[in-house]
>>> print(open('data_24.cif').read())   # mmCIF, N, CA and C atoms
data_start
#
loop_
_atom_site.label_atom_id
_atom_site.label_comp_id
_atom_site.auth_asym_id
_atom_site.auth_seq_id
_atom_site.Cartn_x
_atom_site.Cartn_y
_atom_site.Cartn_z
N PHE T 5 -9.25 2.94 2.71
CA PHE T 5 -7.91 2.41 2.90
C PHE T 5 -7.72 1.95 4.34
N SER T 6 -8.08 2.81 5.28
CA SER T 6 -7.89 2.45 6.69
C SER T 6 -8.78 1.27 7.08
N THR T 7 -9.97 1.20 6.54
CA THR T 7 -10.88 0.09 6.85
C THR T 7 -10.30 -1.23 6.35
N VAL T 8 -9.76 -1.23 5.15
CA VAL T 8 -9.18 -2.46 4.60
C VAL T 8 -7.98 -2.89 5.43
N LEU T 9 -7.13 -1.94 5.83
CA LEU T 9 -5.98 -2.28 6.66
C LEU T 9 -6.42 -2.89 7.98
N LYS T 10 -7.45 -2.30 8.60
CA LYS T 10 -7.93 -2.83 9.88
C LYS T 10 -8.50 -4.23 9.71
N MET T 11 -9.17 -4.48 8.60
CA MET T 11 -9.71 -5.82 8.35
C MET T 11 -8.58 -6.85 8.25
N ILE T 12 -7.50 -6.48 7.60
CA ILE T 12 -6.38 -7.40 7.45
C ILE T 12 -5.72 -7.64 8.81
N VAL T 13 -5.52 -6.57 9.58
CA VAL T 13 -4.82 -6.65 10.86
C VAL T 13 -5.64 -7.42 11.90
N TYR T 14 -6.94 -7.13 12.00
CA TYR T 14 -7.77 -7.75 13.03
C TYR T 14 -8.35 -9.09 12.62
N GLU T 15 -8.19 -9.48 11.35
CA GLU T 15 -8.54 -10.79 10.83
C GLU T 15 -9.90 -11.31 11.28
N PRO T 16 -10.99 -10.67 10.87
CA PRO T 16 -12.30 -11.22 11.23
C PRO T 16 -12.49 -12.59 10.55
N LYS T 17 -13.27 -13.44 11.21
CA LYS T 17 -13.46 -14.82 10.72
C LYS T 17 -14.04 -14.87 9.30
N TRP T 18 -14.94 -13.94 8.97
CA TRP T 18 -15.58 -13.98 7.65
C TRP T 18 -14.61 -13.67 6.53
N MET T 19 -13.45 -13.09 6.86
CA MET T 19 -12.52 -12.69 5.82
C MET T 19 -11.48 -13.76 5.49
N VAL T 20 -11.54 -14.91 6.13
CA VAL T 20 -10.58 -15.97 5.87
C VAL T 20 -10.64 -16.35 4.39
N GLY T 21 -9.49 -16.39 3.75
CA GLY T 21 -9.42 -16.71 2.33
C GLY T 21 -9.43 -15.49 1.42
N MET T 22 -9.70 -14.33 1.98
CA MET T 22 -9.75 -13.10 1.17
C MET T 22 -8.56 -12.18 1.43
N GLU T 23 -7.60 -12.63 2.23
CA GLU T 23 -6.49 -11.76 2.62
C GLU T 23 -5.72 -11.23 1.42
N TRP T 24 -5.43 -12.11 0.45
CA TRP T 24 -4.64 -11.67 -0.71
C TRP T 24 -5.42 -10.65 -1.54
N ASP T 25 -6.74 -10.81 -1.63
CA ASP T 25 -7.54 -9.84 -2.35
C ASP T 25 -7.49 -8.48 -1.67
N MET T 26 -7.54 -8.49 -0.34
CA MET T 26 -7.49 -7.24 0.42
C MET T 26 -6.10 -6.60 0.31
N ILE T 27 -5.07 -7.43 0.34
CA ILE T 27 -3.71 -6.89 0.19
C ILE T 27 -3.53 -6.33 -1.22
N SER T 28 -4.14 -6.94 -2.21
CA SER T 28 -4.09 -6.39 -3.58
C SER T 28 -4.76 -5.03 -3.64
N LEU T 29 -5.87 -4.88 -2.92
CA LEU T 29 -6.56 -3.59 -2.88
C LEU T 29 -5.68 -2.54 -2.20
N VAL T 30 -5.04 -2.91 -1.10
CA VAL T 30 -4.13 -1.98 -0.41
C VAL T 30 -3.00 -1.57 -1.35
N ARG T 31 -2.44 -2.55 -2.05
CA ARG T 31 -1.36 -2.26 -3.01
C ARG T 31 -1.83 -1.30 -4.09
N ASP T 32 -3.00 -1.56 -4.63
CA ASP T 32 -3.54 -0.72 -5.69
C ASP T 32 -3.69 0.72 -5.21
N ILE T 33 -4.28 0.90 -4.05
CA ILE T 33 -4.49 2.24 -3.52
C ILE T 33 -3.16 2.93 -3.24
N TYR T 34 -2.26 2.25 -2.54
CA TYR T 34 -1.00 2.87 -2.15
C TYR T 34 -0.16 3.22 -3.38
N CYS T 35 -0.07 2.29 -4.33
CA CYS T 35 0.74 2.54 -5.53
C CYS T 35 0.20 3.71 -6.34
N ARG T 36 -1.10 3.79 -6.49
CA ARG T 36 -1.69 4.86 -7.29
C ARG T 36 -1.64 6.21 -6.60
N LEU T 37 -1.97 6.24 -5.31
CA LEU T 37 -2.10 7.52 -4.62
C LEU T 37 -0.79 8.07 -4.08
N VAL T 38 0.14 7.19 -3.72
CA VAL T 38 1.36 7.66 -3.07
C VAL T 38 2.57 7.57 -3.99
N LEU T 39 2.74 6.43 -4.66
CA LEU T 39 3.97 6.18 -5.41
C LEU T 39 3.93 6.63 -6.86
N GLY T 40 2.74 6.96 -7.38
CA GLY T 40 2.66 7.34 -8.78
C GLY T 40 2.89 6.18 -9.72
N GLN T 41 2.46 4.99 -9.30
CA GLN T 41 2.60 3.81 -10.14
C GLN T 41 1.23 3.41 -10.67
N CYS T 42 1.16 3.15 -11.96
CA CYS T 42 -0.09 2.64 -12.51
C CYS T 42 0.07 1.13 -12.67
N LEU T 43 -1.06 0.45 -12.59
CA LEU T 43 -1.05 -1.00 -12.60
C LEU T 43 -1.73 -1.53 -13.85
N LEU T 44 -1.45 -2.77 -14.16
CA LEU T 44 -2.11 -3.42 -15.28
C LEU T 44 -3.58 -3.61 -14.94
N PRO T 45 -4.43 -3.87 -15.92
CA PRO T 45 -5.86 -4.04 -15.64
C PRO T 45 -6.11 -5.05 -14.53
N GLY T 46 -7.02 -4.68 -13.63
CA GLY T 46 -7.36 -5.54 -12.51
C GLY T 46 -6.34 -5.50 -11.39
N GLY T 47 -5.34 -4.61 -11.46
CA GLY T 47 -4.33 -4.51 -10.42
C GLY T 47 -3.34 -5.66 -10.41
N GLN T 48 -3.29 -6.43 -11.48
CA GLN T 48 -2.39 -7.59 -11.55
C GLN T 48 -1.11 -7.20 -12.26
N GLY T 49 -0.10 -8.01 -12.10
CA GLY T 49 1.16 -7.80 -12.80
C GLY T 49 1.99 -6.68 -12.21
N ALA T 50 3.08 -6.42 -12.87
CA ALA T 50 4.02 -5.41 -12.38
C ALA T 50 3.43 -4.01 -12.48
N SER T 51 3.84 -3.17 -11.57
CA SER T 51 3.42 -1.77 -11.64
C SER T 51 4.38 -1.02 -12.56
N MET T 52 3.91 0.09 -13.06
CA MET T 52 4.73 0.92 -13.95
C MET T 52 4.88 2.29 -13.32
N GLN T 53 6.12 2.65 -13.02
CA GLN T 53 6.38 3.92 -12.36
C GLN T 53 6.24 5.06 -13.36
N GLN T 54 5.38 6.01 -13.04
CA GLN T 54 5.24 7.19 -13.87
C GLN T 54 6.40 8.14 -13.59
N PRO T 55 6.92 8.79 -14.61
CA PRO T 55 8.04 9.72 -14.38
C PRO T 55 7.56 10.98 -13.66
N ARG T 56 8.49 11.60 -12.97
CA ARG T 56 8.21 12.87 -12.32
C ARG T 56 8.21 13.96 -13.38
N ALA T 57 7.40 14.98 -13.14
CA ALA T 57 7.35 16.10 -14.07
C ALA T 57 8.68 16.86 -13.98
N PRO T 58 9.22 17.32 -15.11
CA PRO T 58 10.52 18.00 -15.08
C PRO T 58 10.49 19.34 -14.34
N TYR T 59 9.32 19.94 -14.24
CA TYR T 59 9.21 21.26 -13.61
C TYR T 59 8.91 21.19 -12.11
N ASP T 60 8.55 20.00 -11.60
CA ASP T 60 8.21 19.88 -10.18
C ASP T 60 8.45 18.44 -9.74
N ALA T 61 9.35 18.25 -8.78
CA ALA T 61 9.71 16.90 -8.33
C ALA T 61 8.58 16.21 -7.57
N LYS T 62 7.57 16.96 -7.13
CA LYS T 62 6.46 16.35 -6.39
C LYS T 62 5.31 15.93 -7.30
N THR T 63 5.41 16.24 -8.57
CA THR T 63 4.32 15.99 -9.51
C THR T 63 4.68 14.85 -10.47
N PHE T 64 3.70 13.99 -10.71
CA PHE T 64 3.88 12.89 -11.67
C PHE T 64 3.27 13.28 -13.01
N GLU T 65 3.89 12.82 -14.09
CA GLU T 65 3.29 13.02 -15.41
C GLU T 65 2.16 12.02 -15.57
N GLN T 66 1.06 12.45 -16.16
CA GLN T 66 -0.07 11.55 -16.39
C GLN T 66 0.16 10.74 -17.66
N SER T 67 -0.31 9.52 -17.63
CA SER T 67 -0.21 8.67 -18.82
C SER T 67 -1.39 8.95 -19.74
N LYS T 68 -1.35 8.35 -20.92
CA LYS T 68 -2.41 8.56 -21.90
C LYS T 68 -3.75 8.01 -21.42
N ASN T 69 -3.71 6.98 -20.56
CA ASN T 69 -4.94 6.36 -20.10
C ASN T 69 -5.30 6.79 -18.68
N ALA T 70 -4.95 8.01 -18.31
CA ALA T 70 -5.16 8.49 -16.94
C ALA T 70 -6.62 8.47 -16.53
N ALA T 71 -7.52 8.68 -17.44
CA ALA T 71 -8.94 8.73 -17.11
C ALA T 71 -9.57 7.34 -17.04
N LYS T 72 -8.79 6.30 -17.27
CA LYS T 72 -9.32 4.93 -17.30
C LYS T 72 -8.57 4.06 -16.29
N PRO T 73 -8.95 4.12 -15.00
CA PRO T 73 -8.22 3.34 -13.99
C PRO T 73 -8.21 1.84 -14.23
N LEU T 74 -9.23 1.30 -14.84
CA LEU T 74 -9.27 -0.14 -15.06
C LEU T 74 -8.32 -0.62 -16.14
N THR T 75 -7.80 0.31 -16.94
CA THR T 75 -6.81 -0.08 -17.94
C THR T 75 -5.43 0.43 -17.57
N GLY T 76 -5.23 0.74 -16.30
CA GLY T 76 -3.89 1.08 -15.83
C GLY T 76 -3.67 2.52 -15.47
N GLY T 77 -4.57 3.41 -15.80
CA GLY T 77 -4.38 4.82 -15.47
C GLY T 77 -4.89 5.13 -14.08
N GLY T 78 -5.12 6.39 -13.82
CA GLY T 78 -5.75 6.77 -12.57
C GLY T 78 -4.83 7.07 -11.42
N ILE T 79 -3.61 7.52 -11.68
CA ILE T 79 -2.76 7.94 -10.58
C ILE T 79 -3.02 9.41 -10.30
N LEU T 80 -2.65 9.83 -9.10
CA LEU T 80 -2.75 11.25 -8.78
C LEU T 80 -1.54 11.97 -9.35
N CYS T 81 -1.76 13.23 -9.77
CA CYS T 81 -0.63 14.02 -10.26
C CYS T 81 0.33 14.37 -9.12
N ILE T 82 -0.25 14.64 -7.97
CA ILE T 82 0.55 14.96 -6.78
C ILE T 82 0.26 13.88 -5.76
N SER T 83 1.30 13.25 -5.25
CA SER T 83 1.07 12.11 -4.35
C SER T 83 0.38 12.55 -3.07
N SER T 84 -0.46 11.67 -2.56
CA SER T 84 -1.24 11.92 -1.35
C SER T 84 -0.49 11.42 -0.12
N ASP T 85 -0.62 12.14 0.98
CA ASP T 85 -0.02 11.71 2.25
C ASP T 85 -0.98 10.86 3.07
N ILE T 86 -2.23 10.78 2.66
CA ILE T 86 -3.24 10.11 3.49
C ILE T 86 -2.92 8.63 3.71
N PRO T 87 -2.64 7.82 2.67
CA PRO T 87 -2.33 6.41 2.93
C PRO T 87 -1.08 6.24 3.81
N THR T 88 -0.09 7.08 3.63
CA THR T 88 1.11 7.00 4.45
C THR T 88 0.79 7.34 5.90
N ASN T 89 -0.05 8.35 6.12
CA ASN T 89 -0.45 8.71 7.48
C ASN T 89 -1.24 7.59 8.14
N VAL T 90 -2.07 6.90 7.36
CA VAL T 90 -2.82 5.77 7.90
C VAL T 90 -1.85 4.66 8.33
N LEU T 91 -0.82 4.40 7.52
CA LEU T 91 0.17 3.40 7.91
C LEU T 91 0.88 3.81 9.20
N HIS T 92 1.20 5.11 9.31
CA HIS T 92 1.86 5.60 10.52
C HIS T 92 0.98 5.44 11.75
N SER T 93 -0.34 5.44 11.57
CA SER T 93 -1.25 5.34 12.71
C SER T 93 -1.39 3.90 13.22
N LEU T 94 -0.90 2.93 12.48
CA LEU T 94 -0.96 1.53 12.90
C LEU T 94 0.05 1.27 14.01
N PRO T 95 -0.22 0.31 14.88
CA PRO T 95 0.74 -0.01 15.96
C PRO T 95 1.97 -0.74 15.42
N LEU T 96 2.96 0.05 15.00
CA LEU T 96 4.17 -0.50 14.40
C LEU T 96 5.34 -0.59 15.38
N GLY T 97 5.14 -0.12 16.58
CA GLY T 97 6.23 -0.12 17.54
C GLY T 97 7.01 1.18 17.49
N SER T 98 8.16 1.19 18.15
CA SER T 98 8.94 2.42 18.30
C SER T 98 9.58 2.88 17.00
N ASN T 99 9.85 1.98 16.08
CA ASN T 99 10.50 2.37 14.82
C ASN T 99 9.50 2.39 13.66
N GLY T 100 8.27 2.78 13.93
CA GLY T 100 7.21 2.78 12.91
C GLY T 100 7.49 3.66 11.72
N GLN T 101 8.02 4.85 11.96
CA GLN T 101 8.29 5.76 10.84
C GLN T 101 9.36 5.19 9.93
N LEU T 102 10.36 4.57 10.51
CA LEU T 102 11.41 3.95 9.71
C LEU T 102 10.85 2.79 8.89
N LEU T 103 9.98 1.99 9.48
CA LEU T 103 9.38 0.86 8.76
C LEU T 103 8.55 1.33 7.58
N VAL T 104 7.77 2.39 7.77
CA VAL T 104 6.95 2.91 6.67
C VAL T 104 7.86 3.47 5.57
N ALA T 105 8.92 4.16 5.95
CA ALA T 105 9.86 4.69 4.95
C ALA T 105 10.54 3.56 4.18
N GLN T 106 10.90 2.48 4.89
CA GLN T 106 11.51 1.32 4.21
C GLN T 106 10.51 0.65 3.28
N LEU T 107 9.25 0.54 3.71
CA LEU T 107 8.22 -0.04 2.86
C LEU T 107 8.06 0.80 1.59
N HIS T 108 8.00 2.10 1.75
CA HIS T 108 7.85 3.02 0.63
C HIS T 108 9.00 2.82 -0.37
N ALA T 109 10.22 2.79 0.13
CA ALA T 109 11.39 2.62 -0.75
C ALA T 109 11.37 1.24 -1.42
N SER T 110 11.00 0.21 -0.67
CA SER T 110 10.97 -1.14 -1.23
C SER T 110 9.90 -1.29 -2.30
N LEU T 111 8.74 -0.65 -2.10
CA LEU T 111 7.67 -0.71 -3.10
C LEU T 111 8.07 0.00 -4.38
N LYS T 112 8.91 1.02 -4.26
CA LYS T 112 9.40 1.71 -5.46
C LYS T 112 10.47 0.89 -6.17
N GLU T 113 11.23 0.13 -5.40
CA GLU T 113 12.31 -0.66 -5.96
C GLU T 113 11.80 -1.95 -6.62
N HIS T 114 10.89 -2.63 -5.94
CA HIS T 114 10.35 -3.91 -6.43
C HIS T 114 8.98 -3.66 -7.06
N LEU T 115 8.92 -3.73 -8.37
CA LEU T 115 7.68 -3.39 -9.08
C LEU T 115 6.78 -4.59 -9.37
N SER T 116 7.24 -5.81 -9.12
CA SER T 116 6.38 -6.96 -9.40
C SER T 116 5.25 -7.04 -8.39
N ALA T 117 4.11 -7.51 -8.84
CA ALA T 117 2.92 -7.58 -7.98
C ALA T 117 3.19 -8.48 -6.77
N LYS T 118 3.81 -9.63 -6.99
CA LYS T 118 4.07 -10.55 -5.89
C LYS T 118 5.00 -9.94 -4.86
N ALA T 119 6.07 -9.31 -5.30
CA ALA T 119 7.02 -8.70 -4.36
C ALA T 119 6.35 -7.60 -3.56
N GLN T 120 5.56 -6.75 -4.22
CA GLN T 120 4.89 -5.67 -3.50
C GLN T 120 3.87 -6.21 -2.51
N LYS T 121 3.11 -7.22 -2.90
CA LYS T 121 2.13 -7.80 -1.98
C LYS T 121 2.82 -8.49 -0.81
N ASP T 122 3.94 -9.15 -1.06
CA ASP T 122 4.69 -9.78 0.03
C ASP T 122 5.20 -8.74 1.02
N LEU T 123 5.70 -7.61 0.51
CA LEU T 123 6.18 -6.53 1.38
C LEU T 123 5.04 -6.01 2.27
N LEU T 124 3.89 -5.78 1.66
CA LEU T 124 2.74 -5.29 2.43
C LEU T 124 2.28 -6.34 3.43
N ARG T 125 2.21 -7.60 3.02
CA ARG T 125 1.78 -8.66 3.92
C ARG T 125 2.70 -8.77 5.13
N ASN T 126 4.01 -8.71 4.90
CA ASN T 126 4.96 -8.83 6.00
C ASN T 126 4.78 -7.69 7.00
N MET T 127 4.57 -6.49 6.51
CA MET T 127 4.38 -5.35 7.41
C MET T 127 3.06 -5.51 8.18
N LEU T 128 2.01 -5.91 7.50
CA LEU T 128 0.71 -6.05 8.16
C LEU T 128 0.70 -7.23 9.14
N ARG T 129 1.49 -8.27 8.87
CA ARG T 129 1.62 -9.37 9.84
C ARG T 129 2.29 -8.87 11.12
N MET T 130 3.29 -8.01 10.95
CA MET T 130 3.96 -7.45 12.11
C MET T 130 2.98 -6.60 12.93
N VAL T 131 2.16 -5.81 12.25
CA VAL T 131 1.16 -5.01 12.93
C VAL T 131 0.18 -5.91 13.67
N ALA T 132 -0.27 -7.00 13.01
CA ALA T 132 -1.21 -7.92 13.63
C ALA T 132 -0.60 -8.56 14.88
N SER T 133 0.67 -8.92 14.83
CA SER T 133 1.31 -9.51 16.02
C SER T 133 1.45 -8.48 17.13
N ASN T 134 1.69 -7.21 16.78
CA ASN T 134 1.74 -6.14 17.79
C ASN T 134 0.37 -5.95 18.44
N VAL T 135 -0.69 -6.01 17.63
CA VAL T 135 -2.05 -5.85 18.16
C VAL T 135 -2.37 -7.01 19.11
N LYS T 136 -2.03 -8.23 18.72
CA LYS T 136 -2.30 -9.39 19.58
C LYS T 136 -1.49 -9.31 20.87
N ALA T 137 -0.27 -8.81 20.80
CA ALA T 137 0.55 -8.66 22.00
C ALA T 137 -0.06 -7.61 22.93
N GLN T 138 -0.57 -6.52 22.35
CA GLN T 138 -1.21 -5.48 23.17
C GLN T 138 -2.48 -6.02 23.82
N GLU T 139 -3.25 -6.80 23.07
CA GLU T 139 -4.47 -7.40 23.64
C GLU T 139 -4.12 -8.37 24.77
N GLY T 140 -3.02 -9.12 24.60
CA GLY T 140 -2.59 -10.05 25.63
C GLY T 140 -2.14 -9.33 26.89
N ASP T 141 -1.50 -8.16 26.72
CA ASP T 141 -1.05 -7.38 27.87
C ASP T 141 -2.23 -6.80 28.64
N GLN T 142 -3.31 -6.46 27.92
CA GLN T 142 -4.48 -5.86 28.57
C GLN T 142 -5.38 -6.91 29.21
N GLY T 143 -5.33 -8.14 28.71
CA GLY T 143 -6.25 -9.19 29.17
C GLY T 143 -5.74 -9.98 30.29
#
>>> encode(input="data_24.cif", output="structure tokens")
Amino acid sequence: FSTVLKMIVYEPKWMVGMEWDMISLVRDIYCRLVLGQCLLPGGQGASMQQPRAPYDAKTFEQSKNAAKPLTGGGILCISSDIPTNVLHSLPLGSNGQLLVAQLHASLKEHLSAKAQKDLLRNMLRMVASNVKAQEGDQG
């Protein structure tokens, strides 16, 4: 996850034209591991929010196809903090925690693939501009 984010932010020349594929991968990982959303086959289309377990608000109910990630299953029962921590480690500026929280809420609200990818792209563009500004200050 962190490697893919760095590739998008630092924009190596060989990756030109693959940005949307990488953002789709970031979306797939974040939605499955953090938000409890399963995706249509190939990570395309709208995500489907899995309900929380009635006995524990931190646990997601597994779907019937949980063992088959390529057909939409494969979410974690308990959401992971790792992708969120990786986002927090990016140079987001002074309000980074707020931005990550807003991204999290927006990804839960907007379930369409395009909307979620646009949200991720906008945040990663901001990170890329922060990185370029830091490089300009050092150079």
>>> resolve_selection(input="data_24.cif", expression="the PyMOL selection byres (((chain T and resi 7 and name CA) around 12) and name CA)", output="list in words")
Phe5, Ser6, Val8, Leu9, Lys10, Met11, Ile12, Val13, Tyr14, Glu15, Met26, Leu29, Val30, Pro87, Val90, Leu91 and Leu94 of chain T
>>> atom_distance(input="data_24.cif", atom1="atom C of Leu43 of chain T", atom2="atom C of Pro55 of chain T")
15.6 Å
>>> select_by_dssp(input="data_24.cif", residues="chain T", states="alpha helix (DSSP H)", output="number ranges by chain")
T: 6-14, 23-34, 86-93, 100-113, 117-142
>>> resolve_selection(input="data_24.cif", expression="the PyMOL selection byres (((chain T and resi 131 and name CA) around 7) and name CA)", output="list in words")
Val13, Leu94, Pro95, Leu96, Met127, Leu128, Arg129, Met130, Ala132, Ser133, Asn134 and Val135 of chain T
>>> closest_residue(input="data_24.cif", among="T:Ser83, T:Ser28, T:Asn89, T:Thr63", to="Leu123 of chain T", atoms="only C-alpha atoms")
T:Ser28
>>> resolve_selection(input="data_24.cif", expression="the PyMOL selection byres ((chain T and resi 64) around 5)", output="list in words")
Pro55, Arg56, Ala57, Lys62, Thr63, Glu65, Gln66, Cys81 and Ile82 of chain T
>>> atom_distance(input="data_24.cif", atom1="atom N of Leu115 of chain T", atom2="atom N of Ser51 of chain T")
6.0 Å
>>> residues_near_point(input="data_24.cif", point="(2.2, -10.2, -4.2)", cutoff="12 Å", atoms="only C-alpha atoms", output="number ranges by chain")
T: 23-32, 47-51, 111, 114-126
>>> atom_distance(input="data_24.cif", atom1="atom N of Arg36 of chain T", atom2="atom C of Asn99 of chain T")
22.8 Å
>>> residues_around(input="data_24.cif", residues="His108 of chain T", least_positions_apart="2", cutoff="10 Å", atoms="only C-alpha atoms", output="PyMOL selection string")
chain T and resi 34-35+38-39+88+102-106+110-113+123-124
>>> closest_residue(input="data_24.cif", among="T:Met52, T:Gln101, T:Leu80, T:Ala109", to="Ile33 of chain T", atoms="only C-alpha atoms")
T:Leu80
